[in-house]
$ cat upload.pdb   # PDB, C-alpha atoms, pLDDT in the B column
MODEL        1
ATOM      1  CA  MET H1230      12.659 178.256 123.636  1.00 51.00           C
ATOM      2  CA  SER H1231      10.069 181.021 123.300  1.00 56.00           C
ATOM      3  CA  HIS H1232       8.150 181.708 126.497  1.00 80.00           C
ATOM      4  CA  THR H1233       4.781 181.953 124.697  1.00 83.00           C
ATOM      5  CA  VAL H1234       3.022 180.118 121.877  1.00 84.00           C
ATOM      6  CA  ALA H1235      -0.218 180.960 120.078  1.00 86.00           C
ATOM      7  CA  LEU H1236      -2.703 178.077 119.862  1.00 84.00           C
ATOM      8  CA  VAL H1237      -6.385 177.203 119.767  1.00 82.00           C
ATOM      9  CA  CYS H1238      -7.153 176.373 123.401  1.00 83.00           C
ATOM     10  CA  PRO H1239      -8.578 172.832 123.722  1.00 81.00           C
ATOM     11  CA  HIS H1240     -10.428 173.895 126.884  1.00 78.00           C
ATOM     12  CA  CYS H1241     -12.087 177.246 126.066  1.00 75.00           C
ATOM     13  CA  CYS H1242     -11.700 177.074 122.235  1.00 71.00           C
ATOM     14  CA  THR H1243     -10.253 180.598 122.063  1.00 76.00           C
ATOM     15  CA  LYS H1244      -8.387 180.946 118.773  1.00 76.00           C
ATOM     16  CA  ASN H1245      -4.832 182.248 118.513  1.00 84.00           C
ATOM     17  CA  VAL H1246      -4.597 182.723 122.276  1.00 87.00           C
ATOM     18  CA  ALA H1247      -1.218 183.129 123.987  1.00 90.00           C
ATOM     19  CA  PHE H1248      -0.017 180.218 126.139  1.00 91.00           C
ATOM     20  CA  GLN H1249       2.635 181.106 128.704  1.00 90.00           C
ATOM     21  CA  LEU H1250       5.457 178.673 129.421  1.00 89.00           C
ATOM     22  CA  VAL H1251       5.322 177.493 133.059  1.00 91.00           C
ATOM     23  CA  SER H1252       7.918 174.724 133.124  1.00 90.00           C
ATOM     24  CA  SER H1253       9.902 172.528 130.751  1.00 87.00           C
ATOM     25  CA  VAL H1254      12.028 169.368 130.957  1.00 88.00           C
ATOM     26  CA  ILE H1255      14.313 167.604 128.476  1.00 86.00           C
ATOM     27  CA  LEU H1256      12.930 164.191 127.552  1.00 85.00           C
ATOM     28  CA  SER H1257      15.790 162.920 125.396  1.00 84.00           C
ATOM     29  CA  LYS H1258      18.665 163.865 123.108  1.00 80.00           C
ATOM     30  CA  ASN H1259      19.817 162.392 119.818  1.00 75.00           C
ATOM     31  CA  SER H1260      23.546 162.900 119.361  1.00 69.00           C
ATOM     32  CA  GLN H1261      23.494 161.870 115.686  1.00 71.00           C
ATOM     33  CA  ASP H1262      21.374 164.766 114.460  1.00 66.00           C
ATOM     34  CA  ASN H1263      21.556 166.999 117.539  1.00 69.00           C
ATOM     35  CA  ARG H1264      17.822 166.696 118.053  1.00 75.00           C
ATOM     36  CA  VAL H1265      16.517 167.465 121.547  1.00 81.00           C
ATOM     37  CA  TYR H1266      13.021 166.598 122.789  1.00 85.00           C
ATOM     38  CA  TYR H1267      11.247 168.702 125.427  1.00 86.00           C
ATOM     39  CA  LEU H1268       8.033 168.321 127.367  1.00 89.00           C
ATOM     40  CA  SER H1269       6.658 171.708 128.395  1.00 90.00           C
ATOM     41  CA  PHE H1270       3.662 172.892 130.389  1.00 92.00           C
ATOM     42  CA  PHE H1271       1.903 176.018 129.056  1.00 92.00           C
ATOM     43  CA  GLN H1272      -1.034 177.938 130.532  1.00 94.00           C
ATOM     44  CA  CYS H1273      -3.819 179.587 128.511  1.00 91.00           C
ATOM     45  CA  ALA H1274      -3.952 183.367 129.029  1.00 91.00           C
ATOM     46  CA  TYR H1275      -7.757 183.326 128.712  1.00 86.00           C
ATOM     47  CA  CYS H1276      -9.115 180.412 130.767  1.00 84.00           C
ATOM     48  CA  LYS H1277      -5.908 179.572 132.745  1.00 88.00           C
ATOM     49  CA  GLU H1278      -6.175 175.864 131.853  1.00 89.00           C
ATOM     50  CA  GLY H1279      -2.976 174.088 130.866  1.00 92.00           C
ATOM     51  CA  VAL H1280      -1.601 171.955 128.047  1.00 93.00           C
ATOM     52  CA  LEU H1281       1.466 169.752 127.720  1.00 92.00           C
ATOM     53  CA  ILE H1282       3.408 170.305 124.511  1.00 89.00           C
ATOM     54  CA  ARG H1283       6.074 167.956 123.159  1.00 88.00           C
ATOM     55  CA  PHE H1284       8.731 170.002 121.355  1.00 83.00           C
ATOM     56  CA  SER H1285      11.870 169.179 119.430  1.00 83.00           C
ATOM     57  CA  ASN H1286      14.543 171.447 118.005  1.00 76.00           C
ATOM     58  CA  VAL H1287      14.595 172.047 114.247  1.00 57.00           C
ATOM     59  CA  ILE H1288      16.713 169.694 112.146  1.00 52.00           C
ATOM     60  CA  SER H1289      17.761 169.913 108.508  1.00 48.00           C
ATOM     61  CA  ALA H1290      15.571 167.005 107.369  1.00 48.00           C
ATOM     62  CA  PRO H1291      11.985 167.787 106.232  1.00 49.00           C
ATOM     63  CA  PRO H1292       9.642 167.921 109.268  1.00 47.00           C
ATOM     64  CA  PRO H1293       6.946 165.260 109.644  1.00 48.00           C
ATOM     65  CA  GLU H1294       3.379 166.066 108.578  1.00 48.00           C
ATOM     66  CA  ASN H1295       1.112 168.127 110.846  1.00 48.00           C
ATOM     67  CA  VAL H1296       4.040 169.714 112.681  1.00 50.00           C
ATOM     68  CA  THR H1297       3.916 173.451 113.323  1.00 54.00           C
ATOM     69  CA  ASP H1298       6.847 175.862 113.406  1.00 52.00           C
ATOM     70  CA  ILE H1299       7.150 177.852 116.612  1.00 56.00           C
ATOM     71  CA  GLY H1300      10.307 179.924 116.541  1.00 56.00           C
ATOM     72  CA  ARG H1301      13.321 177.614 116.325  1.00 65.00           C
ATOM     73  CA  TYR H1302      11.335 174.631 117.591  1.00 73.00           C
ATOM     74  CA  LYS H1303       8.714 172.200 116.377  1.00 77.00           C
ATOM     75  CA  VAL H1304       5.494 171.271 118.155  1.00 79.00           C
ATOM     76  CA  GLU H1305       5.068 167.533 117.706  1.00 81.00           C
ATOM     77  CA  ARG H1306       2.111 166.856 119.965  1.00 86.00           C
ATOM     78  CA  ILE H1307      -0.286 168.676 122.280  1.00 88.00           C
ATOM     79  CA  TYR H1308      -2.065 167.127 125.253  1.00 88.00           C
ATOM     80  CA  PRO H1309      -5.042 167.306 125.323  1.00 85.00           C
ATOM     81  CA  GLU H1310      -5.503 167.380 121.569  1.00 78.00           C
ATOM     82  CA  ILE H1311      -7.472 170.225 120.033  1.00 70.00           C
ATOM     83  CA  SER H1312     -10.760 168.659 118.961  1.00 66.00           C
ATOM     84  CA  GLN H1313     -13.197 170.165 116.512  1.00 68.00           C
ATOM     85  CA  VAL H1314     -16.811 170.580 117.599  1.00 75.00           C
ATOM     86  CA  LYS H1315     -19.149 168.585 115.368  1.00 82.00           C
ATOM     87  CA  ALA H1316     -22.904 168.764 114.960  1.00 89.00           C
ATOM     88  CA  PRO H1317     -25.016 165.605 114.593  1.00 92.00           C
ATOM     89  CA  LYS H1318     -25.041 164.139 111.086  1.00 93.00           C
ATOM     90  CA  TYR H1319     -27.499 165.055 108.328  1.00 94.00           C
ATOM     91  CA  VAL H1320     -28.431 168.490 109.688  1.00 94.00           C
ATOM     92  CA  SER H1321     -28.464 171.514 107.375  1.00 92.00           C
ATOM     93  CA  GLU H1322     -25.506 173.881 107.178  1.00 90.00           C
ATOM     94  CA  ASN H1323     -27.392 176.598 109.073  1.00 90.00           C
ATOM     95  CA  ILE H1324     -28.227 174.265 111.949  1.00 93.00           C
ATOM     96  CA  LYS H1325     -24.676 172.918 111.990  1.00 91.00           C
ATOM     97  CA  ARG H1326     -23.254 176.437 112.250  1.00 89.00           C
ATOM     98  CA  PHE H1327     -25.634 177.478 115.043  1.00 91.00           C
ATOM     99  CA  PHE H1328     -25.037 174.280 117.037  1.00 93.00           C
ATOM    100  CA  VAL H1329     -21.250 174.632 116.788  1.00 88.00           C
ATOM    101  CA  GLN H1330     -21.527 178.269 117.924  1.00 87.00           C
ATOM    102  CA  GLY H1331     -23.597 177.150 120.911  1.00 91.00           C
ATOM    103  CA  VAL H1332     -21.060 174.524 121.958  1.00 90.00           C
ATOM    104  CA  ASP H1333     -18.207 176.960 121.349  1.00 83.00           C
ATOM    105  CA  ASN H1334     -19.843 179.560 123.616  1.00 86.00           C
ATOM    106  CA  LEU H1335     -20.449 176.895 126.247  1.00 88.00           C
ATOM    107  CA  LYS H1336     -16.763 175.985 126.274  1.00 81.00           C
ATOM    108  CA  ARG H1337     -15.883 179.654 126.641  1.00 78.00           C
ATOM    109  CA  SER H1338     -18.245 179.924 129.654  1.00 83.00           C
ATOM    110  CA  ASN H1339     -20.543 182.281 127.699  1.00 86.00           C
ATOM    111  CA  TYR H1340     -23.614 180.488 129.013  1.00 89.00           C
ATOM    112  CA  ASP H1341     -26.221 183.081 128.022  1.00 89.00           C
ATOM    113  CA  ALA H1342     -24.913 183.154 124.438  1.00 89.00           C
ATOM    114  CA  ALA H1343     -24.880 179.340 124.382  1.00 91.00           C
ATOM    115  CA  GLY H1344     -28.489 179.173 125.563  1.00 89.00           C
ATOM    116  CA  MET H1345     -29.613 181.607 122.876  1.00 89.00           C
ATOM    117  CA  MET H1346     -27.825 179.633 120.154  1.00 92.00           C
ATOM    118  CA  PHE H1347     -29.357 176.326 121.255  1.00 92.00           C
ATOM    119  CA  ARG H1348     -32.787 177.936 121.172  1.00 89.00           C
ATOM    120  CA  LYS H1349     -31.982 179.185 117.664  1.00 91.00           C
ATOM    121  CA  VAL H1350     -31.057 175.629 116.640  1.00 93.00           C
ATOM    122  CA  LEU H1351     -34.445 174.463 117.891  1.00 90.00           C
ATOM    123  CA  ASP H1352     -36.238 177.310 116.134  1.00 90.00           C
ATOM    124  CA  VAL H1353     -34.582 176.694 112.757  1.00 91.00           C
ATOM    125  CA  SER H1354     -34.835 172.889 112.932  1.00 92.00           C
ATOM    126  CA  LEU H1355     -38.566 172.973 113.728  1.00 89.00           C
ATOM    127  CA  LYS H1356     -39.125 175.442 110.893  1.00 89.00           C
ATOM    128  CA  GLU H1357     -37.440 172.959 108.574  1.00 91.00           C
ATOM    129  CA  GLN H1358     -39.518 170.108 109.965  1.00 88.00           C
ATOM    130  CA  SER H1359     -42.832 171.992 109.696  1.00 83.00           C
ATOM    131  CA  GLU H1360     -44.746 171.960 106.430  1.00 78.00           C
ATOM    132  CA  ASP H1361     -44.943 175.741 106.173  1.00 75.00           C
ATOM    133  CA  GLY H1362     -42.783 176.862 109.122  1.00 70.00           C
ATOM    134  CA  SER H1363     -45.464 179.262 110.294  1.00 75.00           C
ATOM    135  CA  GLY H1364     -46.467 180.173 113.829  1.00 80.00           C
ATOM    136  CA  THR H1365     -44.521 180.759 117.001  1.00 85.00           C
ATOM    137  CA  LEU H1366     -41.967 178.287 118.283  1.00 85.00           C
ATOM    138  CA  TYR H1367     -44.502 177.125 120.866  1.00 88.00           C
ATOM    139  CA  GLN H1368     -47.079 176.511 118.135  1.00 88.00           C
ATOM    140  CA  ARG H1369     -44.610 174.602 115.944  1.00 87.00           C
ATOM    141  CA  ILE H1370     -43.630 172.324 118.832  1.00 89.00           C
ATOM    142  CA  LYS H1371     -47.297 171.626 119.557  1.00 89.00           C
ATOM    143  CA  ARG H1372     -48.126 171.037 115.892  1.00 89.00           C
ATOM    144  CA  LEU H1373     -45.248 168.569 115.426  1.00 88.00           C
ATOM    145  CA  ALA H1374     -46.182 166.770 118.640  1.00 90.00           C
ATOM    146  CA  ASP H1375     -49.827 166.555 117.550  1.00 91.00           C
ATOM    147  CA  GLY H1376     -48.680 165.127 114.206  1.00 88.00           C
ATOM    148  CA  ASN H1377     -46.512 162.517 115.957  1.00 88.00           C
ATOM    149  CA  LYS H1378     -43.291 163.955 114.549  1.00 86.00           C
ATOM    150  CA  LEU H1379     -42.233 164.553 118.148  1.00 87.00           C
ATOM    151  CA  THR H1380     -42.852 162.159 121.012  1.00 88.00           C
ATOM    152  CA  PRO H1381     -44.370 163.642 124.195  1.00 88.00           C
ATOM    153  CA  SER H1382     -40.941 163.493 125.858  1.00 88.00           C
ATOM    154  CA  MET H1383     -39.233 165.209 122.918  1.00 86.00           C
ATOM    155  CA  ALA H1384     -41.910 167.907 122.901  1.00 89.00           C
ATOM    156  CA  GLU H1385     -41.321 168.478 126.614  1.00 88.00           C
ATOM    157  CA  TRP H1386     -37.580 168.807 125.974  1.00 83.00           C
ATOM    158  CA  ALA H1387     -38.245 171.206 123.104  1.00 86.00           C
ATOM    159  CA  HIS H1388     -40.332 173.428 125.362  1.00 87.00           C
ATOM    160  CA  GLN H1389     -37.539 173.396 127.943  1.00 83.00           C
ATOM    161  CA  ILE H1390     -35.031 174.564 125.341  1.00 83.00           C
ATOM    162  CA  ARG H1391     -37.503 177.222 124.219  1.00 84.00           C
ATOM    163  CA  ILE H1392     -38.057 178.529 127.754  1.00 84.00           C
ATOM    164  CA  ASP H1393     -34.437 178.411 128.948  1.00 79.00           C
ATOM    165  CA  GLY H1394     -33.132 179.881 125.690  1.00 76.00           C
ATOM    166  CA  ASN H1395     -35.625 182.709 125.942  1.00 75.00           C
ATOM    167  CA  GLU H1396     -34.592 183.384 129.545  1.00 72.00           C
ATOM    168  CA  ALA H1397     -30.956 183.543 128.432  1.00 70.00           C
ATOM    169  CA  ALA H1398     -31.911 186.384 126.101  1.00 66.00           C
ATOM    170  CA  HIS H1399     -34.239 188.334 128.398  1.00 66.00           C
ATOM    171  CA  ASP H1400     -33.823 187.335 132.051  1.00 65.00           C
ATOM    172  CA  GLU H1401     -31.678 189.499 134.330  1.00 66.00           C
ATOM    173  CA  ALA H1402     -30.146 186.479 136.104  1.00 74.00           C
ATOM    174  CA  PRO H1403     -27.348 184.814 134.092  1.00 82.00           C
ATOM    175  CA  LEU H1404     -27.825 181.288 132.814  1.00 84.00           C
ATOM    176  CA  SER H1405     -25.935 178.706 134.881  1.00 88.00           C
ATOM    177  CA  ARG H1406     -23.421 176.263 133.478  1.00 88.00           C
ATOM    178  CA  GLU H1407     -25.646 173.330 134.446  1.00 90.00           C
ATOM    179  CA  VAL H1408     -28.626 174.708 132.529  1.00 88.00           C
ATOM    180  CA  ALA H1409     -26.478 175.540 129.489  1.00 90.00           C
ATOM    181  CA  GLU H1410     -25.038 172.006 129.458  1.00 90.00           C
ATOM    182  CA  SER H1411     -28.543 170.537 129.726  1.00 90.00           C
ATOM    183  CA  LEU H1412     -29.627 172.656 126.756  1.00 89.00           C
ATOM    184  CA  ARG H1413     -26.697 171.330 124.743  1.00 92.00           C
ATOM    185  CA  ASP H1414     -27.601 167.736 125.579  1.00 92.00           C
ATOM    186  CA  PHE H1415     -31.310 168.256 124.841  1.00 89.00           C
ATOM    187  CA  THR H1416     -30.513 170.024 121.567  1.00 92.00           C
ATOM    188  CA  GLU H1417     -28.113 167.325 120.424  1.00 93.00           C
ATOM    189  CA  LEU H1418     -30.621 164.559 121.165  1.00 91.00           C
ATOM    190  CA  MET H1419     -33.349 166.520 119.377  1.00 90.00           C
ATOM    191  CA  LEU H1420     -31.205 166.836 116.252  1.00 94.00           C
ATOM    192  CA  MET H1421     -30.326 163.142 116.337  1.00 94.00           C
ATOM    193  CA  TYR H1422     -34.016 162.267 116.593  1.00 91.00           C
ATOM    194  CA  LEU H1423     -35.159 164.645 113.847  1.00 91.00           C
ATOM    195  CA  TYR H1424     -32.218 164.339 111.424  1.00 94.00           C
ATOM    196  CA  THR H1425     -29.601 161.717 112.252  1.00 95.00           C
ATOM    197  CA  LEU H1426     -31.834 158.667 112.705  1.00 93.00           C
ATOM    198  CA  PRO H1427     -33.969 159.386 109.606  1.00 92.00           C
ATOM    199  CA  GLY H1428     -30.800 160.125 107.631  1.00 92.00           C
ATOM    200  CA  MET H1429     -29.251 156.807 108.656  1.00 92.00           C
ATOM    201  CA  LEU H1430     -32.432 155.016 107.621  1.00 90.00           C
ATOM    202  CA  GLU H1431     -32.418 156.683 104.198  1.00 89.00           C
ATOM    203  CA  GLU H1432     -28.739 155.822 103.776  1.00 88.00           C
ATOM    204  CA  ARG H1433     -29.460 152.181 104.560  1.00 86.00           C
ATOM    205  CA  ARG H1434     -32.382 152.174 102.125  1.00 85.00           C
ATOM    206  CA  ALA H1435     -30.196 153.528  99.367  1.00 84.00           C
ATOM    207  CA  ALA H1436     -27.409 151.060 100.117  1.00 80.00           C
ATOM    208  CA  HIS H1437     -29.745 148.041  99.924  1.00 77.00           C
ATOM    209  CA  GLY H1438     -31.979 149.398  97.206  1.00 70.00           C
ATOM    210  CA  VAL H1439     -35.134 148.357  99.043  1.00 59.00           C
ATOM    211  CA  ALA H1440     -37.842 150.088 101.005  1.00 56.00           C
ATOM    212  CA  ILE H1441     -37.810 149.545 104.754  1.00 52.00           C
ATOM    213  CA  VAL H1442     -41.330 149.233 106.092  1.00 52.00           C
ATOM    214  CA  SER H1443     -42.706 148.499 109.522  1.00 48.00           C
ATOM    215  CA  SER H1444     -44.131 145.041 110.121  1.00 43.00           C
TER     216      SER H1444
ENDMDL
END
$ encode --input "upload.pdb" --output "structure tokens"
Amino acid sequence: MSHTVALVCPHCCTKNVAFQLVSSVILSKNSQDNRVYYLSFFQCAYCKEGVLIRFSNVISAPPPENVTDIGRYKVERIYPEISQVKAPKYVSENIKRFFVQGVDNLKRSNYDAAGMMFRKVLDVSLKEQSEDGSGTLYQRIKRLADGNKLTPSMAEWAHQIRIDGNEAAHDEAPLSREVAESLRDFTELMLMYLYTLPGMLEERRAAHGVAIVSS
């Protein structure tokens, strides 16, 4: 078995990173088709986190779906599974891309870059929510709060994202992991409030063919 495999790391999200084989055991053998199953522990060269990979040797029959060739062996399952980062529903493609970049940087421990991307998400989303998108980010937050498009608590969160994201770009001290994770959580909740909940309501309206009004 090859001593390294190239994967997307489920921990730091680095693409095509080399994983070094640390140890391997034989799980079972099938004498009928000479198939051997292995369970192997590999370590990411970038973040040093580990994954368990279930291998089997290649057989003549067609391989099952979603199985990847690695040398003479097949990867059948990876623990933990490689999950794709998803943005909240109903956001625009620009916002989706910026949010995913922020989460991706957070997983890679690039906390300053993550903070700047979450601030960018806020900036773009509030431009979309504003009638003309004019003014500074501070002014747009205030205008949306004054127009009841943001609750006082949401406006406070938005200002926190604005301030912390700005510090990530300009402050000499690096952004901490805790602050970056808080920015992710605030940003995600903001997008759900501004886009996901209204989108779900519109979807329900369309499905029932009636207008939903407050009592």
$ resolve_selection --input "upload.pdb" --expression "the PyMOL selection byres ((chain H and resi 1281) around 10)" --output "ChimeraX atom specification"
/H:1250,1252-1253,1268-1272,1279-1280,1282-1284,1306-1310
$ residues_around --input "upload.pdb" --residues "Val1329 in chain H" --least-positions-apart "4" --cutoff "12 Å" --atoms "all atoms listed in the file" --output "VMD selection string"
chain H and resid 1242 1313 to 1317 1320 1322 to 1325 1333 to 1336 1343 1346 to 1347 1349 to 1350 1413 1416 to 1417
$ closest_residue --input "upload.pdb" --among "H:Ser1285, H:Asp1414, H:Asp1375, H:Cys1238" --to "Lys1258 in chain H" --atoms "all atoms listed in the file"
H:Ser1285
$ atom_distance --input "upload.pdb" --atom1 "CA of Ala1397 in chain H" --atom2 "CA of Leu1412 in chain H"
11.1 Å
$ resolve_selection --input "upload.pdb" --expression "the PyMOL selection byres ((chain H and resi 1385) around 12)" --output "JSON, numbers by chain"
{"H": [1367, 1370, 1371, 1373, 1374, 1379, 1380, 1381, 1382, 1383, 1384, 1386, 1387, 1388, 1389, 1390, 1391, 1392, 1415, 1419]}
$ write_last_selection --input "upload.pdb" --atoms "C-alpha atoms" --output "mmCIF file, keeping the file's coordinate frame"
data_model
loop_
_atom_site.group_PDB
_atom_site.id
_atom_site.type_symbol
_atom_site.label_atom_id
_atom_site.label_comp_id
_atom_site.auth_asym_id
_atom_site.auth_seq_id
_atom_site.Cartn_x
_atom_site.Cartn_y
_atom_site.Cartn_z
ATOM 1 C CA TYR H 1367 -44.502 177.125 120.866
ATOM 2 C CA ILE H 1370 -43.630 172.324 118.832
ATOM 3 C CA LYS H 1371 -47.297 171.626 119.557
ATOM 4 C CA LEU H 1373 -45.248 168.569 115.426
ATOM 5 C CA ALA H 1374 -46.182 166.770 118.640
ATOM 6 C CA LEU H 1379 -42.233 164.553 118.148
ATOM 7 C CA THR H 1380 -42.852 162.159 121.012
ATOM 8 C CA PRO H 1381 -44.370 163.642 124.195
ATOM 9 C CA SER H 1382 -40.941 163.493 125.858
ATOM 10 C CA MET H 1383 -39.233 165.209 122.918
ATOM 11 C CA ALA H 1384 -41.910 167.907 122.901
ATOM 12 C CA TRP H 1386 -37.580 168.807 125.974
ATOM 13 C CA ALA H 1387 -38.245 171.206 123.104
ATOM 14 C CA HIS H 1388 -40.332 173.428 125.362
ATOM 15 C CA GLN H 1389 -37.539 173.396 127.943
ATOM 16 C CA ILE H 1390 -35.031 174.564 125.341
ATOM 17 C CA ARG H 1391 -37.503 177.222 124.219
ATOM 18 C CA ILE H 1392 -38.057 178.529 127.754
ATOM 19 C CA PHE H 1415 -31.310 168.256 124.841
ATOM 20 C CA MET H 1419 -33.349 166.520 119.377
#
$ atom_distance --input "upload.pdb" --atom1 "CA of Leu1236 in chain H" --atom2 "CA of Lys1318 in chain H"
27.8 Å
$ closest_residue --input "upload.pdb" --among "H:Ser1338, H:Met1421, H:Leu1366, H:Gly1376" --to "Ala1409 in chain H" --atoms "only C-alpha atoms"
H:Ser1338
$ residues_near_point --input "upload.pdb" --point "(2.9, 179.3, 120.3)" --cutoff "7 Å" --atoms "only C-alpha atoms" --output "compact mmCIF listing (two decimals) with C-alpha atoms, in the coordinates of the input"
# COMPACT_ATOMS: atom_id res chain seq x y z
CA THR H 1233 4.78 181.95 124.70
CA VAL H 1234 3.02 180.12 121.88
CA ALA H 1235 -0.22 180.96 120.08
CA LEU H 1236 -2.70 178.08 119.86
CA ALA H 1247 -1.22 183.13 123.99
CA PHE H 1248 -0.02 180.22 126.14
CA ILE H 1299 7.15 177.85 116.61
$ closest_residue --input "upload.pdb" --among "H:Val1304, H:Val1408, H:Ile1311, H:Leu1423" --to "Ser1359 in chain H" --atoms "only C-alpha atoms"
H:Leu1423
$ build_atoms --input "upload.pdb" --residues "range 1335-1342 of chain H" --atoms "all heavy atoms" --output "CSV table (one decimal), in the frame of the given file"
chain,number,residue,atom,x,y,z
H,1335,LEU,N,-20.4,177.7,125.0
H,1335,LEU,CA,-20.4,176.9,126.2
H,1335,LEU,C,-19.0,176.6,126.8
H,1335,LEU,O,-18.8,176.8,128.0
H,1335,LEU,CB,-21.2,175.6,126.0
H,1335,LEU,CG,-21.4,174.6,127.2
H,1335,LEU,CD1,-22.0,175.3,128.4
H,1335,LEU,CD2,-22.1,173.4,126.8
H,1336,LYS,N,-18.1,176.3,125.9
H,1336,LYS,CA,-16.8,176.0,126.3
H,1336,LYS,C,-16.1,177.2,126.7
H,1336,LYS,O,-15.1,177.2,127.6
H,1336,LYS,CB,-16.0,175.4,125.1
H,1336,LYS,CG,-16.3,173.9,124.8
H,1336,LYS,CD,-15.3,173.3,123.9
H,1336,LYS,CE,-15.6,171.8,123.8
H,1336,LYS,NZ,-14.6,171.1,122.9
H,1337,ARG,N,-16.5,178.4,126.2
H,1337,ARG,CA,-15.9,179.7,126.6
H,1337,ARG,C,-16.5,180.2,127.9
H,1337,ARG,O,-16.2,181.3,128.3
H,1337,ARG,CB,-16.0,180.7,125.5
H,1337,ARG,CG,-15.2,180.3,124.2
H,1337,ARG,CD,-15.7,181.3,123.1
H,1337,ARG,NE,-15.0,181.0,121.9
H,1337,ARG,CZ,-13.9,181.5,121.4
H,1337,ARG,NH1,-13.4,182.5,122.1
H,1337,ARG,NH2,-13.4,181.2,120.2
H,1338,SER,N,-17.5,179.5,128.5
H,1338,SER,CA,-18.2,179.9,129.7
H,1338,SER,C,-19.2,181.1,129.4
H,1338,SER,O,-19.6,181.8,130.3
H,1338,SER,CB,-17.3,180.3,130.8
H,1338,SER,OG,-16.5,179.2,131.2
H,1339,ASN,N,-19.5,181.3,128.1
H,1339,ASN,CA,-20.5,182.3,127.7
H,1339,ASN,C,-21.9,181.6,127.7
H,1339,ASN,O,-22.5,181.3,126.6
H,1339,ASN,CB,-20.2,182.9,126.3
H,1339,ASN,CG,-18.9,183.6,126.3
H,1339,ASN,OD1,-18.5,184.2,127.3
H,1339,ASN,ND2,-18.3,183.6,125.2
H,1340,TYR,N,-22.4,181.4,128.9
H,1340,TYR,CA,-23.6,180.5,129.0
H,1340,TYR,C,-24.9,181.1,128.4
H,1340,TYR,O,-25.7,180.4,127.9
H,1340,TYR,CB,-23.8,180.1,130.5
H,1340,TYR,CG,-22.6,179.4,131.1
H,1340,TYR,CD1,-22.1,179.9,132.3
H,1340,TYR,CD2,-22.0,178.4,130.4
H,1340,TYR,CE1,-20.9,179.3,132.9
H,1340,TYR,CE2,-20.8,177.8,131.0
H,1340,TYR,CZ,-20.3,178.2,132.2
H,1340,TYR,OH,-19.2,177.6,132.7
H,1341,ASP,N,-25.1,182.4,128.6
H,1341,ASP,CA,-26.2,183.1,128.0
H,1341,ASP,C,-26.2,183.0,126.5
H,1341,ASP,O,-27.2,182.7,125.9
H,1341,ASP,CB,-26.3,184.6,128.4
H,1341,ASP,CG,-26.7,184.7,129.9
H,1341,ASP,OD1,-27.4,183.9,130.4
H,1341,ASP,OD2,-26.2,185.7,130.5
H,1342,ALA,N,-25.0,183.2,125.9
H,1342,ALA,CA,-24.9,183.2,124.4
H,1342,ALA,C,-25.2,181.7,124.0
H,1342,ALA,O,-25.8,181.5,122.9
H,1342,ALA,CB,-23.5,183.6,124.0
